[in-house]
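Colleague: Input model_35.txt, format and content: compact mmCIF, C-alpha atoms and all ligand atoms.
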# COMPACT_ATOMS: atom_id res chain seq x y z
CA MET A 7 94.32 123.21 84.56
CA PHE A 8 92.53 122.84 87.88
CA SER A 9 93.29 122.56 91.58
CA ILE A 10 91.54 120.65 94.33
CA TYR A 11 91.52 121.94 97.89
CA ILE A 12 89.02 120.56 100.42
CA PRO A 13 90.79 120.44 103.80
CA THR A 14 87.93 118.65 105.57
CA GLU A 15 87.77 115.29 107.31
CA PHE A 16 84.56 113.53 106.22
CA ILE A 17 82.89 110.85 108.33
CA PHE A 18 80.24 109.22 106.15
CA GLY A 19 77.73 106.47 106.92
CA SER A 20 74.76 105.41 109.00
CA GLY A 21 75.50 105.88 112.69
CA ALA A 22 78.42 108.27 112.06
CA LEU A 23 77.27 110.81 114.66
CA LYS A 24 77.47 108.12 117.35
CA GLN A 25 81.21 107.91 116.62
CA LEU A 26 81.84 111.62 117.27
CA SER A 27 83.10 111.13 120.82
CA GLN A 28 85.97 109.05 119.43
CA LEU A 29 87.16 111.85 117.15
CA LYS A 30 89.41 114.75 117.98
CA LEU A 31 87.32 117.91 117.92
CA PRO A 32 88.88 121.31 117.22
CA GLY A 33 88.12 122.97 120.58
CA LYS A 34 86.88 122.70 124.16
CA LYS A 35 83.69 124.79 124.02
CA ALA A 36 81.27 124.61 121.09
CA LEU A 37 78.59 126.94 119.88
CA ILE A 38 75.96 124.60 118.44
CA VAL A 39 74.23 126.52 115.65
CA THR A 40 70.88 125.09 114.65
CA SER A 41 67.46 125.98 113.24
CA LYS A 42 64.49 127.59 114.87
CA GLY A 43 61.78 125.06 115.56
CA LYS A 44 61.75 121.73 117.22
CA SER A 45 62.67 119.27 114.44
CA ILE A 46 66.30 118.95 115.53
CA ILE A 47 65.15 118.08 119.06
CA LYS A 48 62.34 115.79 117.88
CA ASN A 49 64.53 113.79 115.51
CA GLY A 50 67.04 113.23 118.31
CA ALA A 51 70.02 114.80 116.52
CA LEU A 52 70.61 117.53 119.10
CA GLY A 53 70.36 115.09 122.02
CA LEU A 54 72.75 112.70 120.32
CA LEU A 55 75.26 115.47 119.67
CA GLN A 56 75.06 116.75 123.26
CA GLU A 57 75.65 113.22 124.52
CA GLN A 58 78.71 112.83 122.29
CA LEU A 59 80.17 116.17 123.44
CA GLU A 60 79.56 115.35 127.10
CA LYS A 61 81.44 112.06 126.69
CA GLN A 62 84.48 114.11 125.68
CA GLU A 63 83.80 116.73 128.38
CA ILE A 64 83.38 119.39 125.74
CA GLY A 65 81.18 122.29 126.83
CA TYR A 66 78.55 123.82 124.58
CA THR A 67 76.04 126.61 124.14
CA VAL A 68 73.05 126.09 121.86
CA PHE A 69 72.08 128.91 119.46
CA ASN A 70 68.83 127.77 117.84
CA GLU A 71 67.67 130.86 116.02
CA ILE A 72 68.53 130.17 112.37
CA GLU A 73 65.83 130.93 109.79
CA ALA A 74 65.18 128.99 106.55
CA ASN A 75 67.15 131.73 104.76
CA PRO A 76 69.66 132.81 107.46
CA GLU A 77 69.56 136.54 108.14
CA LYS A 78 72.55 138.78 108.71
CA THR A 79 71.19 140.14 111.99
CA THR A 80 70.85 136.57 113.31
CA ILE A 81 74.47 135.86 112.33
CA MET A 82 75.65 138.93 114.23
CA ARG A 83 73.69 137.83 117.31
CA GLY A 84 75.12 134.29 117.02
CA ALA A 85 78.68 135.68 116.89
CA GLU A 86 77.99 137.71 120.02
CA VAL A 87 76.69 134.59 121.82
CA ALA A 88 79.87 132.72 120.76
CA ARG A 89 82.07 135.49 122.20
CA GLU A 90 80.04 135.91 125.40
CA ASN A 91 80.30 132.17 126.07
CA SER A 92 83.99 131.91 125.10
CA CYS A 93 83.25 129.30 122.44
CA ASP A 94 86.39 128.21 120.60
CA PHE A 95 84.66 126.32 117.79
CA VAL A 96 81.29 126.22 116.06
CA ILE A 97 79.12 123.23 115.17
CA GLY A 98 76.52 123.68 112.43
CA LEU A 99 73.81 121.07 113.02
CA GLY A 100 70.96 120.68 110.53
CA GLY A 101 70.41 121.43 106.88
CA GLY A 102 72.09 124.00 104.66
CA SER A 103 70.78 126.98 106.61
CA PRO A 104 72.38 126.22 110.00
CA MET A 105 75.56 124.93 108.36
CA ASP A 106 75.85 128.10 106.24
CA ALA A 107 75.03 130.23 109.27
CA SER A 108 77.65 128.42 111.39
CA LYS A 109 80.34 129.47 108.91
CA ALA A 110 79.32 133.13 108.95
CA ILE A 111 79.03 133.08 112.77
CA ALA A 112 82.48 131.48 113.04
CA LEU A 113 83.86 134.33 110.91
CA MET A 114 82.16 137.11 112.87
CA ALA A 115 83.13 135.58 116.24
CA THR A 116 86.76 136.44 115.47
CA ASN A 117 86.39 139.61 113.37
CA SER A 118 85.13 143.09 114.19
CA GLY A 119 82.54 145.11 112.29
CA ASP A 120 79.54 143.86 110.37
CA LEU A 121 79.18 140.70 108.27
CA TRP A 122 78.48 142.80 105.17
CA ASP A 123 81.97 144.38 105.58
CA TYR A 124 83.27 141.00 104.33
CA CYS A 125 80.67 140.47 101.63
CA MET A 126 82.27 140.69 98.19
CA ARG A 127 79.17 141.61 96.22
CA GLY A 128 76.44 144.22 95.95
CA THR A 129 76.45 146.67 98.85
CA GLY A 130 79.10 144.58 100.69
CA LYS A 131 82.26 146.50 101.66
CA LYS A 132 84.49 143.80 100.17
CA LEU A 133 87.05 143.88 103.01
CA GLN A 134 89.37 140.97 103.79
CA PRO A 135 88.77 139.65 107.33
CA ALA A 136 91.77 140.24 109.61
CA ASN A 137 91.36 136.91 111.40
CA LYS A 138 90.57 133.32 110.50
CA ALA A 139 87.14 132.03 111.45
CA LEU A 140 86.73 129.78 114.48
CA PRO A 141 87.07 126.08 113.47
CA ILE A 142 83.82 124.69 112.05
CA VAL A 143 82.24 121.25 112.36
CA CYS A 144 79.27 120.51 110.08
CA ILE A 145 76.75 117.80 110.89
CA THR A 146 74.28 117.55 108.05
CA THR A 147 70.77 116.27 108.66
CA THR A 148 69.59 116.77 105.07
CA ALA A 149 70.75 115.82 101.59
CA GLY A 150 70.67 119.08 99.68
CA THR A 151 73.12 121.92 99.95
CA GLY A 152 76.50 120.22 100.01
CA SER A 153 77.47 122.85 102.56
CA GLU A 154 79.47 120.25 104.51
CA ALA A 155 81.99 120.16 101.67
CA ASP A 156 82.43 123.81 100.72
CA ALA A 157 83.75 127.05 102.15
CA SER A 158 80.80 129.32 101.73
CA GLY A 159 77.48 130.21 103.32
CA MET A 160 74.49 132.01 101.80
CA ILE A 161 73.21 134.84 103.97
CA ASN A 162 70.20 137.12 103.52
CA ASN A 163 70.41 140.84 104.13
CA VAL A 164 66.77 141.84 104.47
CA GLN A 165 67.63 145.55 104.67
CA THR A 166 69.05 145.50 101.15
CA ASN A 167 67.08 142.57 99.60
CA GLU A 168 70.40 140.82 98.98
CA LYS A 169 71.33 137.16 99.42
CA PHE A 170 75.00 136.51 98.93
CA GLY A 171 77.59 133.88 99.77
CA ILE A 172 80.17 134.69 102.43
CA SER A 173 83.23 132.63 101.65
CA GLY A 174 86.92 132.15 102.34
CA PRO A 175 89.38 129.32 102.89
CA SER A 176 88.94 129.39 106.68
CA LEU A 177 85.22 128.61 106.20
CA PHE A 178 85.88 125.02 105.12
CA PRO A 179 84.66 122.73 107.91
CA THR A 180 87.52 120.97 109.65
CA LEU A 181 85.20 118.00 110.19
CA SER A 182 81.94 117.02 108.49
CA VAL A 183 79.65 114.27 109.70
CA ILE A 184 77.29 112.82 107.10
CA ASP A 185 74.97 110.39 108.83
CA PRO A 186 71.97 109.19 106.76
CA GLU A 187 70.24 108.03 109.97
CA LEU A 188 69.77 111.73 110.80
CA MET A 189 67.94 112.22 107.48
CA VAL A 190 65.11 109.68 107.83
CA SER A 191 62.78 112.18 109.49
CA VAL A 192 63.03 114.82 106.73
CA PRO A 193 59.46 115.17 105.36
CA PRO A 194 58.85 114.12 101.72
CA LEU A 195 58.41 117.69 100.44
CA TYR A 196 61.74 118.86 101.85
CA SER A 197 63.51 115.67 100.79
CA ALA A 198 62.35 116.53 97.27
CA TYR A 199 63.45 120.19 97.40
CA GLN A 200 66.83 119.25 98.84
CA GLY A 201 67.44 116.35 96.49
CA LEU A 202 66.68 118.52 93.48
CA ASP A 203 68.92 121.30 94.81
CA ALA A 204 71.73 118.71 94.95
CA LEU A 205 70.88 117.67 91.39
CA PHE A 206 71.25 121.25 90.18
CA HIS A 207 74.60 121.73 91.93
CA LEU A 208 75.82 118.68 90.06
CA THR A 209 74.32 119.55 86.66
CA GLU A 210 75.39 123.20 86.76
CA ALA A 211 78.97 122.34 87.71
CA TYR A 212 79.02 119.68 84.97
CA LEU A 213 77.76 122.05 82.25
CA SER A 214 79.75 125.12 83.32
CA THR A 215 82.86 126.46 81.64
CA LYS A 216 84.79 125.65 84.86
CA ALA A 217 84.12 121.89 84.63
CA ASN A 218 87.17 119.64 84.88
CA PHE A 219 87.96 115.90 84.91
CA PHE A 220 87.55 115.69 88.66
CA ASN A 221 84.24 117.46 89.10
CA GLU A 222 82.74 115.93 85.95
CA MET A 223 83.40 112.54 87.53
CA CYS A 224 81.81 113.60 90.83
CA ALA A 225 78.87 115.24 89.02
CA ILE A 226 77.90 112.27 86.85
CA THR A 227 78.23 109.87 89.79
CA GLY A 228 76.06 112.14 91.95
CA VAL A 229 73.40 112.49 89.23
CA GLU A 230 73.26 108.69 88.83
CA HIS A 231 72.63 108.25 92.55
CA ILE A 232 69.87 110.88 92.43
CA GLY A 233 68.26 109.29 89.35
CA LYS A 234 68.08 105.94 91.15
CA TYR A 235 67.34 106.92 94.74
CA LEU A 236 65.67 110.34 95.10
CA VAL A 237 62.13 109.13 94.47
CA ARG A 238 62.67 106.13 96.76
CA SER A 239 63.90 108.39 99.56
CA ILE A 240 60.77 110.54 99.18
CA LYS A 241 58.28 107.67 99.00
CA ASN A 242 59.71 106.00 102.08
CA GLY A 243 61.74 108.27 104.32
CA ASN A 244 62.88 105.28 106.37
CA ASP A 245 64.55 103.66 103.36
CA LEU A 246 68.05 103.98 104.78
CA GLU A 247 69.70 102.64 101.64
CA ALA A 248 68.05 105.38 99.54
CA ARG A 249 68.93 108.01 102.16
CA GLU A 250 72.56 106.86 102.10
CA HIS A 251 72.79 107.22 98.33
CA MET A 252 71.15 110.65 98.45
CA ALA A 253 73.54 111.74 101.21
CA PHE A 254 76.45 110.69 99.01
CA ALA A 255 75.05 112.53 95.97
CA ASN A 256 74.63 115.62 98.11
CA THR A 257 78.22 115.50 99.33
CA MET A 258 79.32 115.09 95.72
CA GLY A 259 77.38 118.34 95.14
CA GLY A 260 79.60 120.00 97.73
CA PHE A 261 82.70 118.57 96.06
CA VAL A 262 81.75 119.93 92.63
CA MET A 263 81.13 123.38 94.09
CA SER A 264 84.51 123.36 95.83
CA THR A 265 86.37 122.18 92.74
CA GLY A 266 84.36 124.00 90.07
CA LYS A 267 81.60 126.57 89.75
CA LEU A 268 77.84 126.78 89.62
CA MET A 269 76.00 128.46 86.77
CA SER A 270 73.64 131.43 86.76
CA GLN A 271 70.57 129.32 87.58
CA HIS A 272 71.71 129.70 91.19
CA SER A 273 72.01 133.50 90.80
CA LEU A 274 68.51 133.66 89.36
CA GLU A 275 67.14 131.60 92.26
CA HIS A 276 69.01 133.38 95.04
CA THR A 277 67.63 136.75 93.95
CA LEU A 278 64.15 135.27 93.80
CA SER A 279 64.41 134.00 97.38
CA ALA A 280 66.12 137.22 98.51
CA PHE A 281 62.96 139.05 97.43
CA HIS A 282 60.74 136.26 98.79
CA PRO A 283 62.51 134.78 101.84
CA ASP A 284 59.72 132.21 102.39
CA LEU A 285 60.54 130.54 99.08
CA PRO A 286 62.69 127.46 99.79
CA HIS A 287 65.83 127.46 97.66
CA GLY A 288 65.02 124.03 96.15
CA ALA A 289 61.52 125.14 95.22
CA GLY A 290 62.89 128.25 93.50
CA LEU A 291 65.22 126.09 91.42
CA VAL A 292 62.43 123.71 90.47
CA LEU A 293 60.35 126.70 89.32
CA ILE A 294 63.01 128.04 86.95
CA CYS A 295 64.97 124.94 85.89
CA ARG A 296 63.01 123.99 82.80
CA ALA A 297 63.08 127.44 81.21
CA TYR A 298 66.72 127.82 82.24
CA PHE A 299 68.18 124.59 80.82
CA GLY A 300 65.72 124.74 77.91
CA LEU A 301 67.29 128.02 76.83
CA PHE A 302 70.80 126.56 76.70
CA ILE A 303 69.51 123.51 74.83
CA LYS A 304 67.80 125.83 72.32
CA LYS A 305 71.11 127.63 71.88
CA GLY A 306 72.64 124.27 70.91
CA VAL A 307 75.43 124.26 73.53
CA ARG A 308 76.70 121.28 75.57
CA LYS A 309 74.71 118.79 73.42
CA GLU A 310 76.74 115.73 74.43
CA LYS A 311 76.72 116.71 78.07
CA PHE A 312 72.92 117.11 78.18
CA ILE A 313 72.61 113.64 76.61
CA ARG A 314 75.04 112.23 79.20
CA LEU A 315 73.02 113.84 82.01
CA ALA A 316 69.76 112.35 80.65
CA LYS A 317 71.44 108.94 80.68
CA ALA A 318 72.71 109.47 84.23
CA LEU A 319 69.13 110.22 85.27
CA GLY A 320 68.18 106.80 83.97
CA LYS A 321 66.94 107.63 80.46
CA GLN A 322 69.02 105.11 78.52
CA ASP A 323 67.45 105.40 75.04
CA THR A 324 68.54 108.97 74.52
CA SER A 325 70.16 110.76 71.62
CA GLN A 326 68.85 114.33 71.91
CA PRO A 327 69.77 117.06 74.43
CA GLU A 328 66.00 117.63 74.87
CA ASP A 329 65.83 114.21 76.52
CA PHE A 330 67.43 115.84 79.56
CA LEU A 331 64.33 118.06 79.90
CA THR A 332 62.07 115.01 79.57
CA ALA A 333 64.05 113.18 82.26
CA LEU A 334 63.95 116.28 84.49
CA ASP A 335 60.18 116.71 84.00
CA GLY A 336 59.65 113.05 84.85
CA LEU A 337 61.74 113.31 88.02
CA ILE A 338 60.01 116.51 89.17
CA LYS A 339 56.62 114.88 88.58
CA GLU A 340 57.60 111.76 90.51
CA CYS A 341 58.78 114.02 93.34
CA GLY A 342 55.27 115.53 93.36
CA LEU A 343 56.48 119.03 92.46
CA ASP A 344 55.03 119.47 88.96
CA HIS A 345 52.15 121.52 90.39
CA ILE A 346 54.15 124.26 92.21
CA ARG A 347 53.87 127.81 90.84
CA MET A 348 55.54 131.16 91.63
CA ALA A 349 52.12 132.48 92.71
CA ASP A 350 52.19 129.95 95.60
CA TRP A 351 54.81 132.23 97.19
CA ASN A 352 53.05 135.41 96.19
CA ILE A 353 55.57 136.23 93.45
CA LYS A 354 53.98 138.71 91.03
CA GLU A 355 54.58 138.74 87.31
CA GLU A 356 55.15 142.51 87.31
CA GLU A 357 58.17 142.27 89.66
CA LEU A 358 60.08 139.77 87.51
CA ALA A 359 61.84 142.39 85.39
CA ARG A 360 63.09 144.11 88.56
CA ILE A 361 64.32 140.82 90.02
CA ALA A 362 66.10 140.01 86.73
CA CYS A 363 67.72 143.45 86.73
CA GLU A 364 68.91 142.93 90.32
CA THR A 365 70.32 139.47 89.45
CA TYR A 366 72.10 140.82 86.42
CA LYS A 367 73.56 143.82 88.23
CA ASN A 368 74.58 142.35 91.58
CA PHE A 369 74.82 138.60 91.23
CA ASN A 370 76.46 138.32 87.88
CA ASP A 371 79.68 136.45 88.63
CA LEU A 372 78.11 133.02 88.04
CA PHE A 373 77.00 134.20 84.59
CA TYR A 374 80.61 133.94 83.45
CA ASN A 375 80.52 130.19 84.15
CA ASP A 376 77.65 129.68 81.69
CA PRO A 377 78.48 128.08 78.32
CA VAL A 378 77.12 131.26 76.69
CA LEU A 379 76.59 134.59 78.38
CA LEU A 380 72.89 135.29 78.97
CA THR A 381 71.49 138.78 78.42
CA GLU A 382 69.30 140.58 80.93
CA GLU A 383 66.36 140.15 78.54
CA GLU A 384 66.95 136.39 78.57
CA CYS A 385 66.87 136.43 82.38
CA VAL A 386 63.48 138.16 82.23
CA GLN A 387 62.39 135.56 79.68
CA ILE A 388 63.45 132.68 81.99
CA TYR A 389 61.52 134.17 84.92
CA GLN A 390 58.49 134.90 82.77
CA GLU A 391 58.38 131.43 81.22
CA SER A 392 58.82 129.96 84.69
CA PHE A 393 55.97 132.11 86.01
CA ASN A 394 53.69 130.60 83.38
CA ARG A 395 54.95 127.01 83.76
ZN ZN B 1 71.69 125.24 95.71
Now, as a test, write the supplied structure out as structure tokens.

Modeller:
Amino acid sequence: MFSIYIPTEFIFGSGALKQLSQLKLPGKKALIVTSKGKSIIKNGALGLLQEQLEKQEIGYTVFNEIEANPEKTTIMRGAEVARENSCDFVIGLGGGSPMDASKAIALMATNSGDLWDYCMRGTGKKLQPANKALPIVCITTTAGTGSEADASGMINNVQTNEKFGISGPSLFPTLSVIDPELMVSVPPLYSAYQGLDALFHLTEAYLSTKANFFNEMCAITGVEHIGKYLVRSIKNGNDLEAREHMAFANTMGGFVMSTGKLMSQHSLEHTLSAFHPDLPHGAGLVLICRAYFGLFIKKGVRKEKFIRLAKALGKQDTSQPEDFLTALDGLIKECGLDHIRMADWNIKEEELARIACETYKNFNDLFYNDPVLLTEEECVQIYQESFNR
């Protein structure tokens, strides 16, 4: 049994943002939530959005303070800016970070207290918000997080070293714009991190105990697109055809998260980047993926599915689950990420047991989606093996 609920209008295709002025938007005054830094101005996305809003005479305030791993204090400030400027909807413009942040800001613009009051894990107070979030529009400029198709946002609480998802049905975007033209300026390194993040959303959902006909279909299709087009999109960022396929794979990643569940690889990574906020999420996943999937393959679970995934990645002559690891290694190498190490982000071997303990204690819900339940010792083992990769 499964249910599908994604109440979002998706506009997909090159040039989609230029059509925004012809669409009905969910309010009259937007808070545009975007990243720190100048890339969103330089690549023209912010200017294009402003132009589209002005055509419809929709007012806006720009809040461009979002970090790579959005922080709770920034969310609270963003919500205050939304209230002060009487914004009646929120637009997340950029990659996963601003889109995730836009959801949390939309929630806190209409609810009192602190964001962590509505966090359901760790030190969160686990309260139900009294009010729905402001309507959310997501405009994705990267192909990675699938945030445009799900109802959750990852937020860092630096005071408590926690990084948790804030979620709820009112956090689904009402409209998502997926325009590959906005993605051509993403540098090769980030295209690689984001593309591999999308790959892991798809593979985890496919292998998890919560997989179903619908998200298996989305997952395999998404993995096939990544197998064919990720390297092309990295080697030539202007290859719009490759960008289009990667954008589609990424949105499929959002679909599988909304209709199924991720596995504990994401828990293991989120704790790592909660302790080391400079570590990009995609990089963290690349660091641990081999030890992680290798452990499940060693346990002999999901044999047919690993073979199917290897085939979807383009390895046709496959008959062993281990071929998935070979295909993964090959892809990571072609993406130029075979050389990255935990030490590059100052992660120390002696802190791995503590990080594993934290993951196991406070971020354990995804563990129940794994084909077999991992022990805390196995989490330490995954981190340790990954440290020495
Ligand atoms: Zn992810």

Colleague: To one decimal place, how far is atom CA of Thr67 of chain A from atom CA of Ile81 of chain A in Å?

Modeller: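 Spanning atom CA of Thr67 of chain A to atom CA of Ile81 of chain A is a straight-line distance of 15.1 Å.
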
Colleague: Could you give me, as an MDAnalysis selection string, the residues that have an atom at most 12 Å away from the point (66.3, 136.5, 111.7) in the coordinates of the file, using all atoms listed in the file?

Modeller: chainID A and resid 41:42 70:84 103 107 161:165 283

Colleague: I need the chosen residues saved as a PDB file, keeping the file's coordinate frame, with C-alpha atoms.

Modeller:
ATOM      1  CA  SER A  41      67.460 125.980 113.240  1.00  0.00           C
ATOM      2  CA  LYS A  42      64.490 127.590 114.870  1.00  0.00           C
ATOM      3  CA  ASN A  70      68.830 127.770 117.840  1.00  0.00           C
ATOM      4  CA  GLU A  71      67.670 130.860 116.020  1.00  0.00           C
ATOM      5  CA  ILE A  72      68.530 130.170 112.370  1.00  0.00           C
ATOM      6  CA  GLU A  73      65.830 130.930 109.790  1.00  0.00           C
ATOM      7  CA  ALA A  74      65.180 128.990 106.550  1.00  0.00           C
ATOM      8  CA  ASN A  75      67.150 131.730 104.760  1.00  0.00           C
ATOM      9  CA  PRO A  76      69.660 132.810 107.460  1.00  0.00           C
ATOM     10  CA  GLU A  77      69.560 136.540 108.140  1.00  0.00           C
ATOM     11  CA  LYS A  78      72.550 138.780 108.710  1.00  0.00           C
ATOM     12  CA  THR A  79      71.190 140.140 111.990  1.00  0.00           C
ATOM     13  CA  THR A  80      70.850 136.570 113.310  1.00  0.00           C
ATOM     14  CA  ILE A  81      74.470 135.860 112.330  1.00  0.00           C
ATOM     15  CA  MET A  82      75.650 138.930 114.230  1.00  0.00           C
ATOM     16  CA  ARG A  83      73.690 137.830 117.310  1.00  0.00           C
ATOM     17  CA  GLY A  84      75.120 134.290 117.020  1.00  0.00           C
ATOM     18  CA  SER A 103      70.780 126.980 106.610  1.00  0.00           C
ATOM     19  CA  ALA A 107      75.030 130.230 109.270  1.00  0.00           C
ATOM     20  CA  ILE A 161      73.210 134.840 103.970  1.00  0.00           C
ATOM     21  CA  ASN A 162      70.200 137.120 103.520  1.00  0.00           C
ATOM     22  CA  ASN A 163      70.410 140.840 104.130  1.00  0.00           C
ATOM     23  CA  VAL A 164      66.770 141.840 104.470  1.00  0.00           C
ATOM     24  CA  GLN A 165      67.630 145.550 104.670  1.00  0.00           C
ATOM     25  CA  PRO A 283      62.510 134.780 101.840  1.00  0.00           C
TER      26      PRO A 283
END

Colleague: So how many Å separate atom CA of Leu334 of chain A and atom CA of Gly260 of chain A, to one decimal?

Modeller: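 According to the coordinates, atom CA of Leu334 of chain A and atom CA of Gly260 of chain A are separated by 20.8 Å.
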
Colleague: Within 10 Å of Ser264 of chain A, counting only C-alpha atoms, which residues show up once you throw out same-chain ones fewer than 5 positions away? Write them as a list in words, please.

Modeller: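 In the requested format, the answer is Ser9, Ile10, Tyr11, Ile12, Gly152, Ser153, Ala155, Asp156, Ala157, Ser158, Phe178, Ala211, Asn221, Met258 and Gly259 of chain A.
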
Colleague: Have a look at A:Ile226, A:Ile172, A:Val183, A:Ala248 and name the one nearest to Ala110 of chain A; count only C-alpha atoms.

Modeller: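 For Ala110 of chain A, the nearest of the candidates is A:Ile172.
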
Colleague: Leaving out Gln134 of chain A and any residue of its chain fewer than 5 positions from it, which residues lie within 10 Å of it when counting all atoms listed in the file, given as a PDB file with C-alpha atoms, keeping the file's coordinate frame?

Modeller:
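See out-v8.pdb below for the written result:
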ATOM      1  CA  ASP A 123      81.970 144.380 105.580  1.00  0.00           C
ATOM      2  CA  TYR A 124      83.270 141.000 104.330  1.00  0.00           C
ATOM      3  CA  CYS A 125      80.670 140.470 101.630  1.00  0.00           C
ATOM      4  CA  MET A 126      82.270 140.690  98.190  1.00  0.00           C
ATOM      5  CA  GLY A 174      86.920 132.150 102.340  1.00  0.00           C
TER       6      GLY A 174
END

Colleague: Would you pick out the contacts of segment 227-237 of chain A at 9 Å or less, using all atoms listed in the file, so that residues sharing its chain but fewer than 6 positions from it are not included, and give the list as a list in words?

Modeller: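 In the requested format, the answer is Ser197, Ala198, Gly201, Leu202, Ala204, Leu205, Leu208, Thr209, Glu247, Ala248, Arg249, His251, Met252, Phe254, Ala255, Asn256, Thr257, Met258, Gly259, Leu315, Lys317, Ala318, Leu319, Gly320, Leu337, Glu340 and Cys341 of chain A.
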
Colleague: Residues up to 12 Å from ligand ZN 1 (chain B), counting all atoms listed in the file: could you list those as a ChimeraX atom specification?

Modeller: /A:101-103,106,149-153,156,158-160,171,199-211,256,259-260,262-263,267-276,279,286-292,295

Colleague: Which distance in Å separates atom CA of Glu250 of chain A and atom CA of Glu222 of chain A, to one decimal?

Modeller: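 Atom-to-atom, atom CA of Glu250 of chain A and atom CA of Glu222 of chain A are spaced 21.1 Å apart.
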
Colleague: Taking 4 positions as the minimum chain separation for residues in the same chain, which residues sit within 10 Å of Val307 of chain A when counting only C-alpha atoms? Answer as a VMD selection string.

Modeller: chain A and resid 213 301 to 303 311 to 312 327 377 to 378

Colleague: Which residue out of A:Lys216, A:Lys48, A:Lys61, A:Lys305 has the minimum interatomic distance to Leu26 of chain A when all atoms listed in the file are used?

Modeller: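 Nearest candidate to Leu26 of chain A out of A:Lys216, A:Lys48, A:Lys61, A:Lys305: A:Lys61.
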
Colleague: Nearest residue to Ile142 of chain A out of A:Arg238, A:His282, A:Lys321, A:Lys35, using only C-alpha atoms?

Modeller: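 Result for the nearest residue to Ile142 of chain A: A:Lys35.
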
Colleague: Restricting the calculation to all atoms listed in the file: of A:Arg89, A:Lys138, A:Arg360, A:Arg347, which residue gets closest to Lys109 of chain A?

Modeller: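 Once distances to Lys109 of chain A are computed over all atoms listed in the file, the minimum belongs to A:Lys138.
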
Colleague: Looking at A:Leu278, A:Ile388, A:Leu52, A:Met348, which one is nearest to Arg296 of chain A, with distances taken over all atoms listed in the file?

Modeller: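 Ranked by minimum distance to Arg296 of chain A, first place goes to A:Ile388.
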
Colleague: Using only C-alpha atoms for the distances, tell me which of A:Glu187, A:Glu391, A:Glu383, A:Glu328 is nearest to Gly50 of chain A.

Modeller: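 Smallest distance to Gly50 of chain A is found for A:Glu187.
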
Colleague: Within 8 Å of Asn117 of chain A, counting all atoms listed in the file, which residues show up once you throw out same-chain ones fewer than 3 positions away? Write them as a PyMOL selection string, please.

Modeller: chain A and resi 113-114+135-137+139
